[in-house]
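upload-v5.csv follows; it contains CSV, C-alpha atoms.
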```csv
chain,number,residue,atom,x,y,z
Q,26,MET,CA,33.2,-43.8,9.0
Q,27,ARG,CA,30.3,-43.5,11.4
Q,28,ARG,CA,31.9,-40.3,12.7
Q,29,ILE,CA,32.0,-38.7,9.2
Q,30,ARG,CA,28.3,-39.6,8.7
Q,31,LEU,CA,27.5,-38.0,12.0
Q,32,VAL,CA,29.3,-34.8,11.1
Q,33,TRP,CA,27.4,-34.6,7.8
Q,34,VAL,CA,24.1,-35.1,9.7
Q,35,VAL,CA,25.1,-32.4,12.2
Q,36,LEU,CA,26.1,-30.0,9.5
Q,37,LEU,CA,23.0,-30.6,7.5
Q,38,VAL,CA,20.8,-30.1,10.6
Q,39,SER,CA,22.6,-26.9,11.6
Q,40,GLY,CA,22.3,-25.8,8.0
Q,41,LEU,CA,18.6,-26.4,8.0
Q,42,GLY,CA,18.3,-24.5,11.3
Q,43,ALA,CA,20.3,-21.5,10.1
Q,44,SER,CA,18.8,-21.1,6.7
Q,45,GLY,CA,15.8,-18.9,6.1
Q,46,SER,CA,15.1,-20.7,2.9
Q,47,LEU,CA,13.5,-23.8,4.4
Q,48,ALA,CA,10.0,-22.5,5.3
Q,49,GLU,CA,11.3,-20.7,8.3
Q,50,ARG,CA,9.5,-17.6,9.5
Q,51,ASN,CA,11.7,-14.8,10.5
Q,52,PRO,CA,9.3,-12.2,11.8
Q,53,ALA,CA,10.5,-8.7,12.7
Q,54,LYS,CA,11.1,-8.1,16.4
Q,55,LYS,CA,8.5,-5.3,16.1
Q,56,ALA,CA,6.3,-3.9,13.2
Q,57,ASN,CA,3.6,-1.8,14.8
Q,58,LYS,CA,2.8,1.2,12.7
Q,59,HIS,CA,1.2,1.9,9.3
Q,60,GLN,CA,-0.1,5.3,8.3
Q,61,ALA,CA,-1.0,6.8,5.0
Q,62,SER,CA,-2.6,9.9,3.5
Q,63,LEU,CA,-5.5,9.6,1.2
Q,64,VAL,CA,-5.9,10.8,-2.4
Q,65,GLN,CA,-8.8,10.7,-4.7
Q,66,ALA,CA,-9.2,7.2,-6.3
Q,67,VAL,CA,-9.3,7.3,-10.0
Q,68,GLU,CA,-10.0,4.6,-12.6
Q,69,ALA,CA,-7.0,2.7,-13.9
Q,70,CYS,CA,-5.8,3.6,-17.4
Q,71,THR,CA,-6.3,0.6,-19.7
Q,72,VAL,CA,-6.2,2.1,-23.2
Q,73,ALA,CA,-3.7,4.9,-23.1
Q,74,ASN,CA,-4.2,7.9,-25.3
Q,75,THR,CA,-1.4,10.2,-24.1
Q,76,VAL,CA,1.8,10.3,-22.0
Q,77,GLU,CA,2.4,12.0,-18.7
Q,78,PRO,CA,5.0,14.7,-18.5
Q,79,SER,CA,7.6,13.3,-16.2
Q,80,LEU,CA,10.9,11.8,-17.2
Q,81,LEU,CA,9.3,8.4,-17.3
Q,82,GLY,CA,6.8,9.5,-19.9
Q,83,SER,CA,4.5,6.7,-19.0
Q,84,ALA,CA,1.5,5.8,-21.1
Q,85,ALA,CA,-1.6,7.4,-19.7
Q,86,CYS,CA,-5.3,8.2,-20.2
Q,87,ASP,CA,-6.9,11.6,-20.5
Q,88,PRO,CA,-9.4,12.4,-19.0
Q,89,VAL,CA,-9.0,11.5,-15.4
Q,90,VAL,CA,-12.0,9.5,-14.2
Q,91,PRO,CA,-12.9,9.5,-10.5
Q,92,SER,CA,-13.7,5.9,-9.4
Q,93,ASP,CA,-16.7,7.3,-7.4
Q,94,PRO,CA,-17.8,10.6,-8.8
Q,95,SER,CA,-20.3,11.1,-6.0
Q,96,CYS,CA,-17.7,11.1,-3.2
Q,97,VAL,CA,-14.7,13.3,-3.9
Q,98,PHE,CA,-12.7,15.9,-1.9
Q,99,GLY,CA,-14.0,19.4,-1.7
Q,100,VAL,CA,-11.6,22.4,-1.9
Q,101,LYS,CA,-10.0,21.7,1.5
Q,102,GLY,CA,-10.3,17.9,1.6
Q,103,SER,CA,-7.8,15.5,3.1
Q,104,GLY,CA,-7.7,12.2,5.0
Q,105,ARG,CA,-5.6,9.5,6.4
Q,106,ILE,CA,-5.7,5.9,7.6
Q,107,LYS,CA,-3.7,4.8,10.7
Q,108,ALA,CA,-3.1,1.3,12.0
Q,109,LYS,CA,-1.2,0.5,15.1
Q,110,SER,CA,-0.6,-3.0,16.4
Q,111,LYS,CA,-0.1,-4.4,19.8
Q,112,THR,CA,-2.3,-7.4,20.9
Q,113,ASP,CA,-4.8,-6.2,18.3
Q,114,VAL,CA,-4.6,-3.6,15.5
Q,115,ALA,CA,-6.1,-0.2,16.3
Q,116,LEU,CA,-7.6,1.3,13.2
Q,117,GLN,CA,-8.4,4.9,12.6
Q,118,VAL,CA,-9.9,6.6,9.6
Q,119,LYS,CA,-10.2,10.4,9.4
Q,120,VAL,CA,-11.4,12.3,6.3
Q,121,LYS,CA,-12.5,15.9,6.2
Q,122,GLY,CA,-13.6,18.4,3.5
Q,123,ILE,CA,-15.6,15.9,1.5
Q,124,ASP,CA,-17.7,17.3,-1.2
Q,125,SER,CA,-21.4,17.9,-0.3
Q,126,SER,CA,-22.4,15.4,-3.0
Q,127,CYS,CA,-21.2,12.7,-0.6
Q,128,GLU,CA,-23.1,14.0,2.5
Q,129,GLY,CA,-25.0,11.2,4.4
Q,130,GLU,CA,-23.2,8.4,2.5
Q,131,THR,CA,-21.4,5.6,4.4
Q,132,LEU,CA,-17.8,5.0,3.7
Q,133,CYS,CA,-16.1,1.7,4.6
Q,134,LEU,CA,-12.5,0.6,4.7
Q,135,MET,CA,-11.1,-2.0,2.4
Q,136,ALA,CA,-7.6,-3.4,2.1
Q,137,ASP,CA,-5.3,-5.7,0.1
Q,138,PHE,CA,-3.3,-7.9,2.4
Q,139,THR,CA,-1.7,-11.2,3.1
Q,140,MET,CA,-1.4,-12.7,6.6
Q,141,SER,CA,1.0,-15.2,8.1
Q,142,SER,CA,0.2,-16.8,11.4
Q,143,ASP,CA,1.1,-19.5,13.9
Q,144,ASN,CA,-1.3,-22.3,14.8
Q,145,CYS,CA,-3.2,-22.7,11.6
Q,146,ALA,CA,-5.7,-25.6,11.3
Q,147,SER,CA,-2.8,-27.7,10.1
Q,148,SER,CA,-1.0,-27.0,13.5
Q,149,GLY,CA,1.9,-25.3,11.7
Q,150,ASP,CA,2.5,-21.7,10.5
Q,151,CYS,CA,0.7,-20.7,7.3
Q,152,THR,CA,0.2,-17.8,4.9
Q,153,SER,CA,-3.2,-16.7,3.7
Q,154,ALA,CA,-4.0,-16.4,0.0
Q,155,ASP,CA,-3.8,-12.8,-1.2
Q,156,GLN,CA,-6.8,-10.9,0.0
Q,157,ASP,CA,-7.6,-8.3,-2.7
Q,158,ASP,CA,-10.2,-5.6,-2.1
Q,159,PHE,CA,-11.0,-7.2,1.3
Q,160,ASP,CA,-14.1,-5.6,2.6
Q,161,THR,CA,-13.7,-4.9,6.3
Q,162,GLU,CA,-17.5,-4.4,6.5
Q,163,ASN,CA,-17.5,-2.9,10.0
Q,164,VAL,CA,-14.9,-0.2,9.7
Q,165,CYS,CA,-17.3,2.4,8.4
Q,166,CYS,CA,-18.4,6.0,9.0
Q,167,THR,CA,-21.1,8.3,7.8
Q,168,VAL,CA,-20.2,11.5,6.1
Q,169,VAL,CA,-21.6,14.4,8.2
Q,170,ASN,CA,-20.7,18.0,7.5
Q,171,GLY,CA,-18.0,16.8,5.1
Q,172,LYS,CA,-16.3,14.7,7.8
Q,173,CYS,CA,-16.1,10.9,8.2
Q,174,GLN,CA,-14.3,9.3,11.2
Q,175,ALA,CA,-14.0,5.7,12.2
Q,176,LYS,CA,-12.1,4.2,15.1
Q,177,THR,CA,-12.1,0.5,15.9
Q,178,THR,CA,-9.8,-2.5,16.1
Q,179,LEU,CA,-9.2,-5.2,13.5
Q,180,ASN,CA,-10.6,-8.0,15.7
Q,181,THR,CA,-13.7,-6.0,16.5
Q,182,ALA,CA,-14.3,-5.4,12.8
Q,183,ILE,CA,-13.4,-8.9,11.5
Q,184,HIS,CA,-12.2,-11.7,13.7
Q,185,VAL,CA,-9.0,-12.6,11.9
Q,186,LEU,CA,-6.6,-12.5,14.9
Q,187,ASN,CA,-6.3,-15.2,17.5
Q,188,PRO,CA,-4.8,-13.9,20.8
Q,189,GLY,CA,-1.3,-15.3,21.5
Q,190,ASN,CA,-0.7,-16.2,17.8
Q,191,ARG,CA,2.0,-14.2,16.2
Q,192,THR,CA,0.5,-12.7,13.0
Q,193,GLU,CA,2.2,-10.7,10.3
Q,194,ILE,CA,0.1,-8.6,8.0
Q,195,ALA,CA,1.6,-7.5,4.7
Q,196,LEU,CA,-0.4,-4.5,3.5
Q,197,GLY,CA,-1.1,-3.3,0.0
Q,198,GLU,CA,-3.6,-0.7,-1.1
Q,199,MET,CA,-6.0,0.6,1.5
Q,200,ALA,CA,-9.1,2.6,0.5
Q,201,LEU,CA,-12.4,3.9,1.5
Q,202,TYR,CA,-15.4,3.0,-0.6
Q,203,ARG,CA,-19.1,4.0,-0.5
Q,204,ALA,CA,-21.1,1.2,1.1
Q,205,ALA,CA,-23.7,1.5,-1.8
Q,206,LEU,CA,-21.0,0.6,-4.3
Q,207,SER,CA,-18.4,-2.2,-4.3
Q,208,ALA,CA,-15.0,-2.3,-2.6
Q,209,SER,CA,-13.4,-2.3,-6.0
Q,210,GLN,CA,-14.8,1.2,-6.7
Q,211,PRO,CA,-13.3,3.2,-3.9
Q,212,ALA,CA,-13.7,7.0,-3.4
Q,213,PHE,CA,-10.3,7.5,-1.7
Q,214,ARG,CA,-7.2,5.5,-1.5
Q,215,THR,CA,-3.8,5.6,0.1
Q,216,GLY,CA,-1.3,7.8,-1.7
Q,217,LEU,CA,0.7,11.1,-1.8
Q,218,LEU,CA,0.3,14.5,-3.4
Q,219,VAL,CA,3.2,16.4,-4.9
Q,220,ARG,CA,2.7,20.1,-5.9
A,14,MET,CA,-39.4,34.5,-23.7
A,15,LEU,CA,-37.6,31.9,-25.7
A,16,ASN,CA,-34.3,33.8,-25.3
A,17,ARG,CA,-34.8,34.0,-21.6
A,18,PHE,CA,-35.5,30.2,-21.4
A,19,ALA,CA,-32.5,29.4,-23.6
A,20,PHE,CA,-30.3,31.6,-21.3
A,21,GLY,CA,-31.7,29.9,-18.2
A,22,CYS,CA,-31.0,26.5,-19.7
A,23,ALA,CA,-27.5,27.5,-20.6
A,24,ALA,CA,-26.8,28.8,-17.1
A,25,VAL,CA,-28.2,25.7,-15.5
A,26,MET,CA,-26.1,23.5,-17.8
A,27,THR,CA,-23.0,25.5,-17.1
A,28,CYS,CA,-23.6,25.3,-13.4
A,29,LEU,CA,-24.1,21.5,-13.6
A,30,ILE,CA,-21.0,21.0,-15.6
A,31,PHE,CA,-18.8,23.0,-13.3
A,32,SER,CA,-20.3,21.7,-10.1
A,33,SER,CA,-20.4,18.0,-10.9
A,34,PRO,CA,-17.3,16.0,-10.2
A,35,ALA,CA,-18.5,13.3,-12.5
A,36,LEU,CA,-17.1,14.8,-15.7
A,37,GLY,CA,-13.5,13.9,-15.6
A,38,GLN,CA,-12.8,16.6,-13.0
A,39,ARG,CA,-9.8,16.2,-10.6
A,40,ASN,CA,-10.5,16.8,-7.0
A,41,PRO,CA,-7.1,16.3,-5.4
A,42,ALA,CA,-6.7,16.4,-1.7
A,43,SER,CA,-5.5,19.7,-0.3
A,44,LYS,CA,-2.7,17.7,1.3
A,45,ALA,CA,-1.6,14.1,1.2
A,46,ASN,CA,1.9,14.1,2.4
A,47,LEU,CA,2.7,11.0,4.5
A,48,PHE,CA,3.1,7.3,4.0
A,49,GLN,CA,5.0,5.4,6.7
A,50,SER,CA,5.0,1.8,7.6
A,51,SER,CA,6.8,-0.9,9.5
A,52,LEU,CA,8.3,-3.7,7.5
A,53,VAL,CA,7.5,-7.4,7.6
A,54,GLN,CA,9.1,-10.4,6.0
A,55,GLY,CA,8.0,-11.0,2.4
A,56,VAL,CA,6.6,-14.5,1.9
A,57,SER,CA,5.7,-16.5,-1.2
A,58,ALA,CA,2.1,-16.2,-2.3
A,59,CYS,CA,-0.3,-18.9,-1.3
A,60,THR,CA,-1.9,-20.2,-4.5
A,61,ALA,CA,-3.2,-23.6,-3.5
A,62,ALA,CA,-4.5,-23.4,0.1
A,63,ASN,CA,-4.2,-26.5,2.3
A,64,THR,CA,-5.3,-25.1,5.6
A,65,THR,CA,-7.0,-22.2,7.3
A,66,LEU,CA,-5.7,-19.4,9.5
A,67,PRO,CA,-6.8,-19.2,13.1
A,68,GLY,CA,-9.5,-16.6,14.0
A,69,ALA,CA,-13.3,-16.9,13.3
A,70,GLU,CA,-12.8,-15.6,9.7
A,71,ALA,CA,-10.7,-18.8,9.0
A,72,LEU,CA,-9.0,-17.4,5.9
A,73,PRO,CA,-7.7,-20.1,3.5
A,74,GLY,CA,-3.9,-20.5,3.8
A,75,CYS,CA,-0.9,-22.4,2.9
A,76,ASP,CA,1.3,-24.4,5.3
A,77,PRO,CA,4.3,-24.0,5.4
A,78,VAL,CA,5.2,-20.3,5.3
A,79,VAL,CA,7.9,-19.8,2.6
A,80,PRO,CA,10.1,-16.7,2.9
A,81,ALA,CA,10.3,-15.1,-0.5
A,82,ASP,CA,14.0,-14.3,0.0
A,83,ALA,CA,16.2,-17.1,1.5
A,84,VAL,CA,19.2,-14.8,1.9
A,85,CYS,CA,18.0,-11.6,3.5
A,86,ASN,CA,15.9,-12.1,6.6
A,87,PHE,CA,15.4,-10.5,10.0
A,88,THR,CA,17.4,-12.0,12.9
A,89,ASP,CA,15.8,-12.2,16.3
A,90,LYS,CA,16.5,-8.4,16.8
A,91,GLY,CA,15.6,-7.4,13.3
A,92,PHE,CA,13.0,-4.7,12.3
A,93,GLY,CA,12.6,-2.0,9.8
A,94,ARG,CA,10.5,0.9,8.7
A,95,LEU,CA,10.0,3.2,5.7
A,96,LYS,CA,8.7,6.7,5.3
A,97,PHE,CA,7.7,8.8,2.3
A,98,LYS,CA,7.1,12.5,2.9
A,99,ALA,CA,5.7,14.6,0.0
A,100,LYS,CA,5.9,18.3,-0.7
A,101,ASP,CA,7.5,19.5,-4.0
A,102,ASP,CA,9.4,16.2,-4.1
A,103,VAL,CA,9.0,12.9,-2.2
A,104,LYS,CA,11.6,12.2,0.6
A,105,ILE,CA,12.3,8.5,0.9
A,106,GLN,CA,13.6,7.1,4.1
A,107,VAL,CA,14.2,3.4,5.0
A,108,LYS,CA,15.9,2.0,8.1
A,109,ILE,CA,16.4,-1.7,8.5
A,110,LYS,CA,18.3,-3.2,11.4
A,111,GLY,CA,19.2,-6.7,12.5
A,112,LEU,CA,19.5,-8.4,9.1
A,113,SER,CA,20.9,-11.9,8.7
A,114,ALA,CA,24.6,-12.3,8.2
A,115,ALA,CA,24.0,-13.8,4.7
A,116,CYS,CA,22.5,-10.5,3.7
A,117,ASN,CA,25.7,-8.4,4.2
A,118,ALA,CA,26.9,-6.7,1.1
A,119,GLU,CA,23.6,-7.4,-0.7
A,120,VAL,CA,21.8,-4.4,-2.3
A,121,LEU,CA,18.2,-3.7,-1.3
A,122,CYS,CA,16.0,-1.3,-3.2
A,123,VAL,CA,12.5,0.2,-2.8
A,124,VAL,CA,9.8,-0.7,-5.3
A,125,ALA,CA,6.2,0.3,-5.4
A,126,ASP,CA,2.9,-0.7,-7.0
A,127,MET,CA,1.5,2.6,-8.1
A,128,ARG,CA,-0.3,4.7,-10.6
A,129,TRP,CA,-0.3,8.5,-10.7
A,130,THR,CA,-2.4,11.3,-12.0
A,131,GLN,CA,-0.9,14.5,-13.3
A,132,ASP,CA,-1.6,17.8,-14.9
A,133,GLY,CA,0.2,18.9,-18.1
A,134,CYS,CA,0.0,15.7,-20.0
A,135,ALA,CA,0.9,15.5,-23.7
A,136,SER,CA,-2.8,15.8,-24.5
A,137,GLY,CA,-2.8,19.2,-22.8
A,138,GLY,CA,-5.1,18.0,-20.0
A,139,SER,CA,-4.7,15.8,-16.8
A,140,CYS,CA,-4.1,12.1,-17.1
A,141,THR,CA,-3.8,8.9,-15.2
A,142,THR,CA,-1.1,6.3,-15.9
A,143,GLU,CA,-1.6,2.6,-16.2
A,144,GLU,CA,-1.1,0.6,-13.0
A,145,LEU,CA,2.7,0.0,-12.6
A,146,ASP,CA,3.5,-3.0,-10.4
A,147,GLY,CA,7.0,-3.3,-8.8
A,148,LEU,CA,8.2,0.0,-10.1
A,149,PRO,CA,11.8,0.6,-8.8
A,150,LEU,CA,12.0,4.1,-7.3
A,151,GLY,CA,15.2,4.9,-9.1
A,152,ALA,CA,18.4,4.5,-7.1
A,153,SER,CA,16.6,4.4,-3.7
A,154,CYS,CA,18.9,1.5,-2.6
A,155,CYS,CA,21.3,0.6,0.2
A,156,THR,CA,24.1,-1.9,0.6
A,157,VAL,CA,23.7,-4.0,3.7
A,158,GLY,CA,26.6,-3.6,6.1
A,159,GLU,CA,26.8,-5.1,9.6
A,160,GLY,CA,23.2,-6.2,9.3
A,161,ASN,CA,21.9,-2.6,8.7
A,162,CYS,CA,20.4,-0.9,5.7
A,163,ARG,CA,19.8,2.8,5.5
A,164,ILE,CA,18.3,4.7,2.6
A,165,LYS,CA,17.8,8.5,2.7
A,166,THR,CA,17.1,10.1,-0.6
A,167,SER,CA,14.2,11.7,-2.6
A,168,LEU,CA,12.4,10.8,-5.7
A,169,VAL,CA,14.2,13.5,-7.7
A,170,GLU,CA,17.6,12.5,-6.3
A,171,ALA,CA,16.9,8.8,-6.8
A,172,PHE,CA,16.2,9.5,-10.5
A,173,ASN,CA,19.5,11.4,-10.8
A,174,ASP,CA,17.9,14.9,-10.6
A,175,GLN,CA,16.0,14.3,-13.7
A,176,ALA,CA,12.4,15.5,-14.2
A,177,ILE,CA,10.6,12.7,-12.4
A,178,VAL,CA,8.6,15.3,-10.6
A,179,VAL,CA,7.4,18.2,-12.7
A,180,ASN,CA,6.9,21.0,-10.2
A,181,GLY,CA,3.8,23.0,-10.6
A,182,ASN,CA,2.0,20.0,-12.0
A,183,ARG,CA,0.0,18.6,-9.2
A,184,THR,CA,0.8,14.9,-9.1
A,185,GLU,CA,-1.2,12.3,-7.0
A,186,TYR,CA,0.5,9.0,-6.5
A,187,ALA,CA,-1.9,6.2,-5.6
A,188,LEU,CA,0.1,3.7,-3.7
A,189,GLY,CA,-0.4,-0.1,-3.4
A,190,SER,CA,2.2,-2.5,-2.0
A,191,ILE,CA,5.5,-0.9,-1.1
A,192,SER,CA,8.3,-3.4,-0.9
A,193,ILE,CA,12.0,-3.8,-0.4
A,194,VAL,CA,13.6,-6.2,-3.0
A,195,ARG,CA,17.1,-7.6,-3.2
A,196,VAL,CA,18.9,-6.7,-6.5
A,197,GLY,CA,18.9,-9.8,-8.7
A,198,HIS,CA,16.0,-11.4,-6.8
A,199,PHE,CA,13.1,-9.4,-8.2
A,200,PRO,CA,10.1,-10.0,-8.4
A,201,ASP,CA,10.3,-11.8,-5.0
A,202,VAL,CA,10.1,-9.3,-2.3
A,203,THR,CA,12.4,-9.4,0.8
A,204,PHE,CA,10.3,-7.1,3.0
A,205,ARG,CA,6.9,-5.5,2.6
A,206,ALA,CA,5.1,-2.7,4.3
A,207,GLY,CA,3.0,-4.1,7.1
A,208,LEU,CA,2.3,-4.9,10.7
A,209,MET,CA,2.9,-7.6,13.2
A,210,VAL,CA,0.7,-8.6,16.1
A,211,PRO,CA,3.0,-10.4,18.6
```
In structure tokens, what does this structure look like?
Amino acid sequence: MRRIRLVWVVLLVSGLGASGSLAERNPAKKANKHQASLVQAVEACTVANTVEPSLLGSAACDPVVPSDPSCVFGVKGSGRIKAKSKTDVALQVKVKGIDSSCEGETLCLMADFTMSSDNCASSGDCTSADQDDFDTENVCCTVVNGKCQAKTTLNTAIHVLNPGNRTEIALGEMALYRAALSASQPAFRTGLLVR
Amino acid sequence: MLNRFAFGCAAVMTCLIFSSPALGQRNPASKANLFQSSLVQGVSACTAANTTLPGAEALPGCDPVVPADAVCNFTDKGFGRLKFKAKDDVKIQVKIKGLSAACNAEVLCVVADMRWTQDGCASGGSCTTEELDGLPLGASCCTVGEGNCRIKTSLVEAFNDQAIVVNGNRTEYALGSISIVRVGHFPDVTFRAGLMVP
């Protein structure tokens, strides 16, 4: 009888150890690259007055309203955001061909993200609350001759990483906003263009 | 004199209207063709924080970490990445290796939080869609075999060659979270675009 109980305990324990369902973190062996092009940020459509022409025929708003009319692409504008992780996250922002109306303005990076890390204050692993429109404050550049470039690391900009602690960062929208406005009113955001 | 003044005013107004981007004018990028990212494990949202993360910023957090999908996880050697490449269609590529044995034969698909802006709307002008969260990108899916998942398709192909992309109409997709979900398990996400600092 004792033996049967022991087997059950062993099975349960091995089951607990093998299952990912019981609060077990299963981080990727590597996840070191995130790169995205930038498109003009536009206001979300809340009261649709038309439909877009694709198969989906989704409800849409005409006209298109730039979120920040003062900072938009010029004729040959483009940009990208690059993040590469090792012991810190190297961040790179490059935008060129910005309209002259944006000259001299400061653009800063914002991101939606969630982080999971070892060694939280509770001594265990933990997941952050969703960080929406998180203002990185120090990842900024000034638009000069239509160009804006920033190069830094995540921990230089905001001290969210602790060396030696495994940290996973799930990324959502990333965008550039004008420092004079709020992070929720970006000029450019990650996306794609199809012609 | 009055005519001249009126003409001057009209010219100035016209110049202002055509030079200002404030008036519902689209200023698309000349190119925006790449989105690529590594994948990290999807975890349940933290809604009632009971601790803080390490680092001076001390973000509020929830202990324990709860994987959003109990069936499909990375093994010790697991990793994945996704890539979208845009031209006149969007090529979609996902590669995931080293998945848990329990995930074999499961179907994983790509979903995106997005809105898009397009020419040629029913109104005759350009328009922006509502924000669509967790939009499945058609049949951009794989069946997990021997711990691997591979997706290689395009937006047009994933929607069965139907007019998901209207060529000639410039379309800008503003992308938020890009995730991999297990069929039957949505809205919980198995993997999300992201990074890891070891």
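Environment of (-9.4, -4.8, -0.5): residues at most 9 Å away, judged by all atoms listed in the file, are Q:Leu134, Q:Met135, Q:Ala136, Q:Asp137, Q:Phe138, Q:Gln156, Q:Asp157, Q:Asp158, Q:Phe159, Q:Asp160, Q:Thr161, Q:Gly197, Q:Glu198, Q:Met199, Q:Ala200, Q:Ala208, Q:Ser209.
Distances from A:Gly55, A:Gly158, A:Pro211, A:Pro80 to Asn117 (chain A) were compared using only C-alpha atoms, and the smallest one belongs to A:Gly158.
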Note to self: From the options Q:Ser92, Q:Thr75, Q:Thr178, Q:Gln117, which residue's atoms come nearest to chain A, counting only C-alpha atoms?
What the structure shows: Q:Thr75
Margin query: Taking (-1.1, -20.2, 2.7) as a centre in this file's frame and 7 Å as the limit, can you find every polymer residue with an atom that close, using only C-alpha atoms, and give them as a list in words?
Written below: Cys151, Thr152, Ser153 and Ala154 of chain Q; Cys59, Ala62, Pro73, Gly74, Cys75, Asp76 and Val78 of chain A
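Across A:Val157, A:Ile105, A:Val120, A:Cys134, the tightest approach to chain Q is made by A:Cys134 when counting all atoms listed in the file.
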Checklist line | Selection: 8 Å around Asn163 (chain Q), only C-alpha atoms, excl. self and same-chain fewer than 2 positions, as a list in words | finding: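 The filter keeps Cys133, Thr161, Cys165, Ala182 and Ile183 of chain Q.
Going from CA of Ser103 (chain Q) over to CA of Leu95 (chain A), you cover 21.8 Å.
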Notebook entry, point to check: Val90 (chain Q): which residues within 7 Å, counting all atoms listed in the file, same-chain residues fewer than 2 positions away excluded, as JSON, numbers by chain?
Noted result: {"Q": [67, 68, 88, 92], "A": [37]}
Check: Which residues come within 10 Å of region 194-196 of chain Q, counting only C-alpha atoms, excluding same-chain residues fewer than 5 positions away, as a PyMOL selection string?
Finding: (chain Q and resi 56+59+136-142+152-153+155-156) or (chain A and resi 50-56+189-192+204-210)
Next item on the list: Find the distance between CA of Thr142 (chain A) and CA of Phe199 (chain A) and write it in Å to one decimal.
Entry: 22.5 Å
Check: Closest to chain A among Q:Ser207, Q:Asn170, Q:Ser125, Q:Thr112, using all atoms listed in the file?
Finding: Q:Thr112
Selection near region 104-109 of chain Q, 10 Å with all atoms listed in the file, sequence-local residues under 3 positions removed, as a PDB file with C-alpha atoms, in the frame of the given file:
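Generated output (around_23.pdb):
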```
ATOM      1  CA  ALA Q  56       6.300  -3.900  13.200  1.00  0.00           C
ATOM      2  CA  ASN Q  57       3.600  -1.800  14.800  1.00  0.00           C
ATOM      3  CA  LYS Q  58       2.800   1.200  12.700  1.00  0.00           C
ATOM      4  CA  HIS Q  59       1.200   1.900   9.300  1.00  0.00           C
ATOM      5  CA  GLN Q  60      -0.100   5.300   8.300  1.00  0.00           C
ATOM      6  CA  ALA Q  61      -1.000   6.800   5.000  1.00  0.00           C
ATOM      7  CA  SER Q  62      -2.600   9.900   3.500  1.00  0.00           C
ATOM      8  CA  LEU Q  63      -5.500   9.600   1.200  1.00  0.00           C
ATOM      9  CA  VAL Q  64      -5.900  10.800  -2.400  1.00  0.00           C
ATOM     10  CA  GLN Q  65      -8.800  10.700  -4.700  1.00  0.00           C
ATOM     11  CA  PHE Q  98     -12.700  15.900  -1.900  1.00  0.00           C
ATOM     12  CA  THR Q 112      -2.300  -7.400  20.900  1.00  0.00           C
ATOM     13  CA  ASP Q 113      -4.800  -6.200  18.300  1.00  0.00           C
ATOM     14  CA  VAL Q 114      -4.600  -3.600  15.500  1.00  0.00           C
ATOM     15  CA  ALA Q 115      -6.100  -0.200  16.300  1.00  0.00           C
ATOM     16  CA  LEU Q 116      -7.600   1.300  13.200  1.00  0.00           C
ATOM     17  CA  GLN Q 117      -8.400   4.900  12.600  1.00  0.00           C
ATOM     18  CA  VAL Q 118      -9.900   6.600   9.600  1.00  0.00           C
ATOM     19  CA  LYS Q 119     -10.200  10.400   9.400  1.00  0.00           C
ATOM     20  CA  VAL Q 120     -11.400  12.300   6.300  1.00  0.00           C
ATOM     21  CA  LYS Q 121     -12.500  15.900   6.200  1.00  0.00           C
ATOM     22  CA  GLY Q 122     -13.600  18.400   3.500  1.00  0.00           C
ATOM     23  CA  ILE Q 123     -15.600  15.900   1.500  1.00  0.00           C
ATOM     24  CA  LEU Q 134     -12.500   0.600   4.700  1.00  0.00           C
ATOM     25  CA  LYS Q 172     -16.300  14.700   7.800  1.00  0.00           C
ATOM     26  CA  CYS Q 173     -16.100  10.900   8.200  1.00  0.00           C
ATOM     27  CA  GLN Q 174     -14.300   9.300  11.200  1.00  0.00           C
ATOM     28  CA  ALA Q 175     -14.000   5.700  12.200  1.00  0.00           C
ATOM     29  CA  LYS Q 176     -12.100   4.200  15.100  1.00  0.00           C
ATOM     30  CA  THR Q 177     -12.100   0.500  15.900  1.00  0.00           C
ATOM     31  CA  THR Q 178      -9.800  -2.500  16.100  1.00  0.00           C
ATOM     32  CA  LEU Q 179      -9.200  -5.200  13.500  1.00  0.00           C
ATOM     33  CA  MET Q 199      -6.000   0.600   1.500  1.00  0.00           C
ATOM     34  CA  ALA Q 200      -9.100   2.600   0.500  1.00  0.00           C
ATOM     35  CA  LEU Q 201     -12.400   3.900   1.500  1.00  0.00           C
ATOM     36  CA  PHE Q 213     -10.300   7.500  -1.700  1.00  0.00           C
ATOM     37  CA  ARG Q 214      -7.200   5.500  -1.500  1.00  0.00           C
ATOM     38  CA  THR Q 215      -3.800   5.600   0.100  1.00  0.00           C
ATOM     39  CA  GLY Q 216      -1.300   7.800  -1.700  1.00  0.00           C
TER      40      GLY Q 216
ATOM     41  CA  ALA A  42      -6.700  16.400  -1.700  1.00  0.00           C
ATOM     42  CA  SER A  43      -5.500  19.700  -0.300  1.00  0.00           C
ATOM     43  CA  LYS A  44      -2.700  17.700   1.300  1.00  0.00           C
ATOM     44  CA  ALA A  45      -1.600  14.100   1.200  1.00  0.00           C
ATOM     45  CA  ASN A  46       1.900  14.100   2.400  1.00  0.00           C
ATOM     46  CA  LEU A  47       2.700  11.000   4.500  1.00  0.00           C
ATOM     47  CA  PHE A  48       3.100   7.300   4.000  1.00  0.00           C
ATOM     48  CA  GLN A  49       5.000   5.400   6.700  1.00  0.00           C
ATOM     49  CA  SER A  50       5.000   1.800   7.600  1.00  0.00           C
ATOM     50  CA  SER A  51       6.800  -0.900   9.500  1.00  0.00           C
ATOM     51  CA  GLY A 207       3.000  -4.100   7.100  1.00  0.00           C
ATOM     52  CA  LEU A 208       2.300  -4.900  10.700  1.00  0.00           C
ATOM     53  CA  MET A 209       2.900  -7.600  13.200  1.00  0.00           C
ATOM     54  CA  VAL A 210       0.700  -8.600  16.100  1.00  0.00           C
TER      55      VAL A 210
END
```
